[in-house]
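Asks: File name structure.cif; file contents mmCIF, C-alpha atoms; full text below.
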data_start
#
loop_
_atom_site.label_atom_id
_atom_site.label_comp_id
_atom_site.auth_asym_id
_atom_site.auth_seq_id
_atom_site.Cartn_x
_atom_site.Cartn_y
_atom_site.Cartn_z
CA MET A 1 19.02 18.16 -28.90
CA HIS A 2 17.28 21.16 -27.37
CA ASP A 3 15.41 20.75 -24.11
CA ASP A 4 11.64 20.88 -24.12
CA ALA A 5 10.50 24.38 -23.18
CA ASP A 6 7.88 23.18 -20.70
CA GLU A 7 10.32 20.82 -19.01
CA LEU A 8 12.92 23.57 -18.77
CA ALA A 9 10.33 25.88 -17.23
CA ASP A 10 9.48 23.17 -14.70
CA LEU A 11 13.13 22.81 -13.69
CA ILE A 12 13.75 26.55 -13.43
CA GLY A 13 10.57 26.96 -11.40
CA ALA A 14 11.67 24.20 -9.03
CA LEU A 15 15.08 25.85 -8.60
CA TYR A 16 13.53 29.09 -7.41
CA ASP A 17 10.46 27.78 -5.57
CA SER A 18 10.74 24.92 -3.08
CA GLU A 19 7.01 24.23 -3.47
CA LEU A 20 7.53 23.20 -7.09
CA PRO A 21 6.91 20.98 -8.91
CA ALA A 22 3.29 21.13 -7.79
CA MET A 23 2.86 17.71 -6.18
CA ARG A 24 0.00 17.23 -3.74
CA PRO A 25 -0.06 14.44 -1.15
CA LEU A 26 -1.63 11.25 -2.57
CA ASP A 27 -2.41 12.87 -5.92
CA PRO A 28 -2.38 10.22 -8.69
CA ARG A 29 -1.00 12.82 -11.11
CA ASN A 30 2.19 13.40 -9.13
CA PRO A 31 4.42 11.29 -11.42
CA GLU A 32 3.16 13.21 -14.44
CA ARG A 33 3.56 16.57 -12.73
CA ALA A 34 7.12 15.82 -11.64
CA ARG A 35 8.36 14.14 -14.82
CA GLY A 36 9.56 17.24 -16.67
CA ALA A 37 11.54 18.71 -13.79
CA MET A 38 12.90 15.28 -12.85
CA LYS A 39 14.06 14.57 -16.39
CA LEU A 40 16.17 17.71 -16.61
CA ALA A 41 17.26 17.59 -12.96
CA ARG A 42 18.82 14.23 -13.73
CA LYS A 43 20.32 15.45 -17.01
CA TYR A 44 21.94 18.51 -15.44
CA GLU A 45 22.62 16.83 -12.08
CA VAL A 46 20.48 19.23 -10.05
CA GLU A 47 20.45 17.05 -6.96
CA SER A 48 18.39 19.40 -4.79
CA VAL A 49 15.40 19.23 -7.14
CA ARG A 50 15.82 15.51 -7.75
CA ALA A 51 15.97 14.75 -4.01
CA ARG A 52 12.89 16.91 -3.35
CA ILE A 53 10.84 15.05 -5.94
CA ILE A 54 11.97 11.66 -4.63
CA ARG A 55 11.00 12.63 -1.06
CA ARG A 56 7.53 13.58 -2.22
CA MET A 57 7.12 10.38 -4.21
CA GLU A 58 8.29 8.34 -1.22
CA ALA A 59 5.67 10.03 0.94
CA ASP A 60 2.98 8.55 -1.34
CA TRP A 61 4.71 5.15 -1.47
CA PRO A 62 6.13 4.43 2.02
CA GLN A 63 9.08 2.16 2.68
CA ASP A 64 7.98 1.22 6.21
CA VAL A 65 4.96 -0.91 7.05
CA LEU A 66 3.82 1.43 9.82
CA GLU A 67 3.90 4.36 7.41
CA TRP A 68 2.01 2.25 4.89
CA LEU A 69 -0.72 1.49 7.44
CA ARG A 70 -0.89 5.17 8.38
CA LEU A 71 -1.25 6.07 4.70
CA ILE A 72 -4.02 3.51 4.15
CA GLY A 73 -5.87 4.85 7.18
CA ASP A 74 -5.54 8.40 5.85
CA ILE A 75 -6.88 7.39 2.43
CA LYS A 76 -9.85 5.61 3.99
CA ARG A 77 -10.70 8.62 6.16
CA ARG A 78 -10.48 10.99 3.20
CA THR A 79 -12.62 8.68 1.09
CA GLU A 80 -15.27 8.42 3.80
CA LEU A 81 -15.27 12.20 4.26
CA ARG A 82 -15.63 12.80 0.51
CA THR A 83 -18.55 10.35 0.35
CA MET A 84 -20.22 11.94 3.37
CA LEU A 85 -19.90 15.46 1.94
CA CYS A 86 -21.36 14.27 -1.35
CA ARG A 87 -24.37 12.78 0.42
CA THR A 88 -24.99 16.02 2.29
CA GLY A 89 -24.74 18.04 -0.91
CA THR A 90 -21.58 19.94 0.07
CA SER A 91 -19.43 18.20 -2.54
CA SER A 92 -20.23 17.34 -6.14
CA ASP A 93 -17.50 14.72 -6.53
CA PRO A 94 -17.99 11.48 -4.57
CA GLU A 95 -14.97 9.74 -6.05
CA PRO A 96 -11.77 9.28 -4.01
CA ASP A 97 -9.45 9.44 -7.04
CA ALA A 98 -7.78 12.68 -5.95
CA PHE A 99 -6.75 11.03 -2.69
CA VAL A 100 -5.45 7.72 -4.06
CA PRO A 101 -2.01 7.48 -5.70
CA GLU A 102 -1.95 5.44 -8.92
CA PRO A 103 0.53 2.53 -8.79
CA ALA A 104 1.36 1.80 -12.43
CA SER A 105 2.45 5.38 -13.12
CA ALA A 106 4.58 5.21 -9.96
CA VAL A 107 6.28 2.05 -11.24
CA ARG A 108 6.94 3.67 -14.60
CA PHE A 109 8.35 6.77 -12.88
CA ALA A 110 10.58 4.63 -10.67
CA ARG A 111 11.92 2.73 -13.67
CA GLU A 112 12.51 5.85 -15.74
CA PHE A 113 14.29 7.82 -13.02
CA ASP A 114 15.85 5.06 -10.90
CA VAL A 115 13.76 5.45 -7.75
CA PRO A 116 13.61 1.84 -6.48
CA SER A 117 12.49 2.85 -2.99
CA ILE A 118 8.87 3.31 -4.11
CA LEU A 119 8.59 0.02 -6.00
CA PRO A 120 7.63 -2.40 -3.17
CA ALA A 121 4.61 -0.33 -2.09
CA ALA A 122 3.60 0.35 -5.70
CA PHE A 123 3.76 -3.33 -6.66
CA TYR A 124 1.89 -4.36 -3.53
CA THR A 125 -0.83 -1.87 -4.44
CA LEU A 126 -1.00 -3.31 -7.96
CA ALA A 127 -1.46 -6.76 -6.42
CA LEU A 128 -4.60 -5.48 -4.67
CA ALA A 129 -6.08 -3.99 -7.83
CA ASP A 130 -8.54 -5.71 -10.17
CA ILE A 131 -6.89 -6.44 -13.51
CA GLN A 132 -10.28 -5.84 -15.15
CA GLN A 133 -10.55 -2.31 -13.78
CA ASP A 134 -8.71 0.37 -15.74
CA TRP A 135 -8.02 3.63 -13.93
CA ASP A 136 -8.92 5.80 -16.92
CA GLU A 137 -12.18 4.07 -17.74
CA THR A 138 -13.70 2.88 -14.49
CA ARG A 139 -15.08 4.59 -11.42
CA VAL A 140 -14.55 2.37 -8.40
CA SER A 141 -15.63 2.65 -4.79
CA ARG A 142 -12.70 0.80 -3.22
CA PRO A 143 -9.29 2.51 -3.00
CA PHE A 144 -6.56 0.78 -5.00
CA ALA A 145 -9.11 -1.20 -7.03
CA ALA A 146 -7.83 -0.05 -10.45
CA ALA A 147 -4.63 0.91 -12.24
CA GLN A 148 -3.31 2.26 -15.52
CA TRP A 149 -2.32 -1.21 -16.67
CA ARG A 150 -1.07 -0.02 -20.07
CA LEU A 151 1.88 1.68 -18.34
CA LEU A 152 3.40 -1.61 -17.19
CA ASP A 153 5.91 -3.26 -19.48
CA GLN A 154 5.99 -7.02 -19.99
CA GLU A 155 8.67 -7.69 -17.39
CA ASP A 156 6.90 -5.76 -14.65
CA THR A 157 3.59 -7.40 -15.54
CA MET A 158 5.21 -10.80 -15.03
CA ARG A 159 6.74 -9.61 -11.76
CA LEU A 160 3.27 -8.60 -10.63
CA PHE A 161 1.68 -11.96 -11.44
CA ARG A 162 4.49 -13.90 -9.78
CA GLY A 163 4.38 -11.64 -6.74
CA LYS A 164 0.62 -12.10 -6.31
CA SER A 165 1.11 -15.84 -6.41
CA LYS A 166 3.81 -15.60 -3.74
CA LEU A 167 1.58 -13.45 -1.53
CA ARG A 168 -1.14 -16.11 -1.65
CA ALA A 169 1.42 -18.81 -0.94
CA ALA A 170 2.74 -16.83 2.04
CA ALA A 171 -0.75 -16.62 3.52
CA SER A 172 -1.25 -20.36 3.05
CA ALA A 173 2.14 -21.15 4.58
CA MET A 174 1.41 -18.94 7.58
CA VAL A 175 -1.61 -21.06 8.48
CA LYS A 176 0.70 -24.03 8.98
CA VAL A 177 3.02 -22.19 11.37
CA PRO A 178 2.40 -23.36 14.95
CA PHE A 179 0.44 -20.72 16.83
CA PRO A 180 2.13 -19.59 20.07
CA GLY A 181 0.73 -20.11 23.53
CA GLU A 182 -1.74 -22.62 24.91
CA SER A 183 -5.08 -23.60 23.40
CA TYR A 184 -6.79 -23.11 26.74
CA CYS A 185 -5.86 -20.72 29.53
CA THR A 186 -7.37 -20.52 32.99
CA ASP A 187 -6.13 -16.93 33.39
CA CYS A 188 -8.36 -15.76 30.53
CA LYS A 189 -11.91 -14.72 31.34
CA ASP A 190 -12.99 -17.53 29.03
CA SER A 191 -10.45 -20.35 28.93
CA ARG A 192 -11.28 -21.02 25.27
CA LEU A 193 -10.23 -17.55 24.04
CA PRO A 194 -6.71 -18.55 22.89
CA ARG A 195 -8.13 -21.39 20.81
CA VAL A 196 -10.88 -19.20 19.36
CA PHE A 197 -8.33 -16.54 18.37
CA SER A 198 -6.08 -19.09 16.66
CA GLU A 199 -9.12 -20.33 14.70
CA LYS A 200 -9.93 -16.76 13.65
CA TRP A 201 -6.31 -16.36 12.56
CA SER A 202 -6.57 -19.42 10.31
CA THR A 203 -9.89 -18.27 8.87
CA TYR A 204 -8.57 -14.82 8.02
CA LEU A 205 -5.49 -16.20 6.31
CA THR A 206 -7.29 -18.85 4.27
CA SER A 207 -10.20 -16.74 3.07
CA GLY A 208 -9.22 -13.11 3.47
CA GLY A 209 -12.51 -13.02 5.34
CA PHE A 210 -11.93 -10.00 7.53
CA GLU A 211 -14.71 -7.45 7.65
CA GLY A 212 -14.88 -5.37 4.50
CA GLY A 213 -12.20 -7.46 2.85
CA VAL A 214 -11.93 -8.90 -0.62
CA ALA A 215 -11.45 -12.58 -1.41
CA LEU A 216 -7.81 -13.60 -1.00
CA ALA A 217 -7.74 -15.04 -4.51
CA ASP A 218 -8.68 -11.65 -5.97
CA ALA A 219 -6.64 -9.34 -3.75
CA PRO A 220 -3.99 -11.07 -1.60
CA ASP A 221 -3.86 -8.29 0.99
CA ILE A 222 -1.78 -10.15 3.53
CA ILE A 223 -0.79 -6.88 5.24
CA GLY A 224 -4.45 -5.95 5.64
CA ILE A 225 -5.30 -9.40 6.96
CA LEU A 226 -2.56 -9.26 9.59
CA LEU A 227 -3.65 -5.77 10.62
CA SER A 228 -7.21 -7.05 10.99
CA CYS A 229 -5.94 -9.77 13.31
CA LEU A 230 -4.30 -7.13 15.49
CA GLU A 231 -7.44 -5.00 15.45
CA LEU A 232 -9.50 -8.04 16.39
CA LEU A 233 -7.21 -8.59 19.35
CA GLU A 234 -7.04 -4.96 20.49
CA GLY A 235 -10.37 -3.49 19.40
CA ARG A 236 -12.81 -2.05 21.88
CA GLY A 237 -15.68 -4.37 22.57
CA SER A 238 -13.76 -7.24 21.01
CA GLN A 239 -14.76 -10.77 21.96
CA PHE A 240 -11.14 -11.13 23.09
CA ALA A 241 -11.31 -8.34 25.66
CA GLY A 242 -11.20 -10.98 28.37
CA MET A 243 -7.96 -12.53 27.17
CA CYS A 244 -5.18 -12.57 29.75
CA GLU A 245 -2.30 -10.13 29.32
CA THR A 246 0.22 -12.93 28.83
CA HIS A 247 -1.55 -14.29 25.75
CA ARG A 248 -2.41 -10.81 24.49
CA ILE A 249 1.27 -9.77 24.50
CA LEU A 250 2.32 -13.09 22.99
CA TYR A 251 -0.16 -12.80 20.11
CA ARG A 252 0.58 -9.12 19.56
CA LYS A 253 4.29 -9.85 19.14
CA PHE A 254 3.59 -12.87 16.94
CA VAL A 255 1.28 -11.03 14.51
CA SER A 256 3.40 -7.85 14.52
CA ALA A 257 6.50 -9.85 13.61
CA LYS A 258 4.63 -11.44 10.70
CA LEU A 259 3.42 -8.02 9.59
CA HIS A 260 6.94 -6.58 9.45
CA HIS A 261 8.36 -9.70 7.83
CA GLU A 262 5.80 -9.75 5.03
CA TRP A 263 6.36 -6.08 4.25
CA GLU A 264 10.13 -6.42 4.23
CA SER A 265 9.90 -9.41 1.88
CA LEU A 266 7.92 -7.57 -0.81
CA SER A 267 11.04 -6.79 -2.83
CA GLU A 268 11.89 -10.47 -2.92
CA LYS A 269 8.35 -11.57 -3.76
CA PHE A 270 8.12 -9.15 -6.68
CA GLN A 271 11.74 -9.75 -7.75
CA LEU A 272 12.69 -6.10 -7.36
CA ARG A 273 16.25 -6.67 -6.18
#
Just give me the structure as structure tokens.
Replies:
Amino acid sequence: MHDDADELADLIGALYDSELPAMRPLDPRNPERARGAMKLARKYEVESVRARIIRRMEADWPQDVLEWLRLIGDIKRRTELRTMLCRTGTSSDPEPDAFVPEPASAVRFAREFDVPSILPAAFYTLALADIQQDWDETRVSRPFAAAQWRLLDQEDTMRLFRGKSKLRAAASAMVKVPFPGESYCTDCKDSRLPRVFSEKWSTYLTSGGFEGGVALADAPDIIGILLSCLELLEGRGSQFAGMCETHRILYRKFVSAKLHHEWESLSEKFQLR
């Protein structure tokens, strides 16, 4: 069978130009743009092009929780900037779509070309999306609120539903884990601060009630909840600014360990291994 002319042109272009295929950071069309070159790079074992495409896909779907948090922060800043420019009349497009990678197409790309490294982040993103919101039909104000659901096959759809259930269960189980440190501490500016923080921790985990968050039942963003706990502890002007250094370090380590553990367990939760 002859190769598709456009796909062959994509591969040849990528061989001679390291900037090709034309994939922009966080662009939801990256899987589509890379598909032709990737298909033939795999067929003809052109590892340099294949590796380049995988690196760019991995940049949009990080494997490390710190890189994921950095990416989320970048998307939020870009979204806020786009909205601000629209309000001032310097931009005609208020939507953040161009800055938000689309998860279902990433899953399909990973399945088609054997790129499992991007699956945990892509599935986690799908878990945060509203099943009623289709990427192609709905304009949404919250990043990662929609997806191209039609691209998921039956097996991956079931993995998604089971994974969401496990994320909720993980949040519920975390509430029952004994919180470190003492309930009251005379070294803190207010001796009740450790107890108040542990109560906030329980509230965040049971309701997803951090500022700007979505109900845990709708979007089990356990990574976002844990990050909010850290921000609550470390933020300027926080009610916990008077907490003693001993408890602050103890809580920071406790929450950070949970953050890393939950990210590293995504493959297991979504049955990706």
Asks: List the residues selected by the PyMOL selection byres ((chain A and resi 122-125) around 7) in the file shown, writing them as JSON, numbers by chain.
Replies: {"A": [61, 103, 106, 107, 118, 119, 120, 121, 126, 127, 128, 129, 144, 160]}
Asks: Translate the PyMOL selection byres ((chain A and resi 65) around 10) into a concrete residue list for this structure, as a list in words.
Replies: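 When the PyMOL selection byres ((chain A and resi 65) around 10) is applied to the shown file, the picked residues are Pro62, Gln63, Asp64, Leu66, Glu67, Trp68, Leu69, Arg70, Leu71, Ala121, Ile223, Leu259, His260, His261, Glu262, Trp263 and Glu264 of chain A.
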Asks: Residue by residue, what does the PyMOL selection byres ((chain A and resi 40) around 10) grab here? Present the result as an mmCIF file with C-alpha atoms, in the frame of the given file.
Replies:
data_model
loop_
_atom_site.group_PDB
_atom_site.id
_atom_site.type_symbol
_atom_site.label_atom_id
_atom_site.label_comp_id
_atom_site.auth_asym_id
_atom_site.auth_seq_id
_atom_site.Cartn_x
_atom_site.Cartn_y
_atom_site.Cartn_z
ATOM 1 C CA ASP A 3 15.410 20.750 -24.110
ATOM 2 C CA ASP A 4 11.640 20.880 -24.120
ATOM 3 C CA GLU A 7 10.320 20.820 -19.010
ATOM 4 C CA LEU A 8 12.920 23.570 -18.770
ATOM 5 C CA ASP A 10 9.480 23.170 -14.700
ATOM 6 C CA LEU A 11 13.130 22.810 -13.690
ATOM 7 C CA ILE A 12 13.750 26.550 -13.430
ATOM 8 C CA ARG A 35 8.360 14.140 -14.820
ATOM 9 C CA GLY A 36 9.560 17.240 -16.670
ATOM 10 C CA ALA A 37 11.540 18.710 -13.790
ATOM 11 C CA MET A 38 12.900 15.280 -12.850
ATOM 12 C CA LYS A 39 14.060 14.570 -16.390
ATOM 13 C CA ALA A 41 17.260 17.590 -12.960
ATOM 14 C CA ARG A 42 18.820 14.230 -13.730
ATOM 15 C CA LYS A 43 20.320 15.450 -17.010
ATOM 16 C CA TYR A 44 21.940 18.510 -15.440
ATOM 17 C CA GLU A 45 22.620 16.830 -12.080
ATOM 18 C CA VAL A 46 20.480 19.230 -10.050
ATOM 19 C CA VAL A 49 15.400 19.230 -7.140
ATOM 20 C CA ARG A 50 15.820 15.510 -7.750
#
Asks: Can you pull out the residues contacting Pro178 of chain A? Cut-off 12 Å, using all atoms listed in the file, and skip same-chain residues under 5 positions away; I want them as a PDB file with C-alpha atoms, in the coordinates of the input.
Replies:
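Generated output (around-v8.pdb):
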ATOM      1  CA  ALA A 173       2.140 -21.150   4.580  1.00  0.00           C
ATOM      2  CA  SER A 183      -5.080 -23.600  23.400  1.00  0.00           C
ATOM      3  CA  SER A 198      -6.080 -19.090  16.660  1.00  0.00           C
ATOM      4  CA  GLU A 199      -9.120 -20.330  14.700  1.00  0.00           C
ATOM      5  CA  TRP A 201      -6.310 -16.360  12.560  1.00  0.00           C
ATOM      6  CA  SER A 202      -6.570 -19.420  10.310  1.00  0.00           C
ATOM      7  CA  PHE A 254       3.590 -12.870  16.940  1.00  0.00           C
TER       8      PHE A 254
END
Asks: Between A:Leu227, A:Ala9, A:Cys185, A:Leu151, which is the closest to Gly73 of chain A once you count only C-alpha atoms?
Replies: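 The shortest atom-to-atom distance to Gly73 of chain A comes from A:Leu227.
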Asks: With only C-alpha atoms as the basis for distance, which of A:Trp149, A:Phe109, A:Tyr184, A:Phe99 is at the shortest distance from Leu26 of chain A?
Replies: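 Of A:Trp149, A:Phe109, A:Tyr184, A:Phe99, the one nearest Leu26 of chain A is A:Phe99, counting only C-alpha atoms.
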Asks: Pick from A:Leu226, A:Thr203, A:Gly163, A:Gln271: nearest to Val175 of chain A, with all atoms listed in the file counted?
Replies: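 That would be A:Thr203, the residue with the smallest distance to Val175 of chain A.
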Asks: Find the residue from A:Asp130, A:Asp221, A:Asp74, A:Glu234 that sits nearest to Lys166 of chain A; use all atoms listed in the file when measuring.
Replies: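 Checking each of A:Asp130, A:Asp221, A:Asp74, A:Glu234 against Lys166 of chain A, counting all atoms listed in the file, the winner is A:Asp221.
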Asks: Counting all atoms listed in the file, figure out which residue out of A:Pro101, A:Pro220, A:Gly181, A:Pro31 gets nearest to Ala146 of chain A.
Replies: A:Pro101
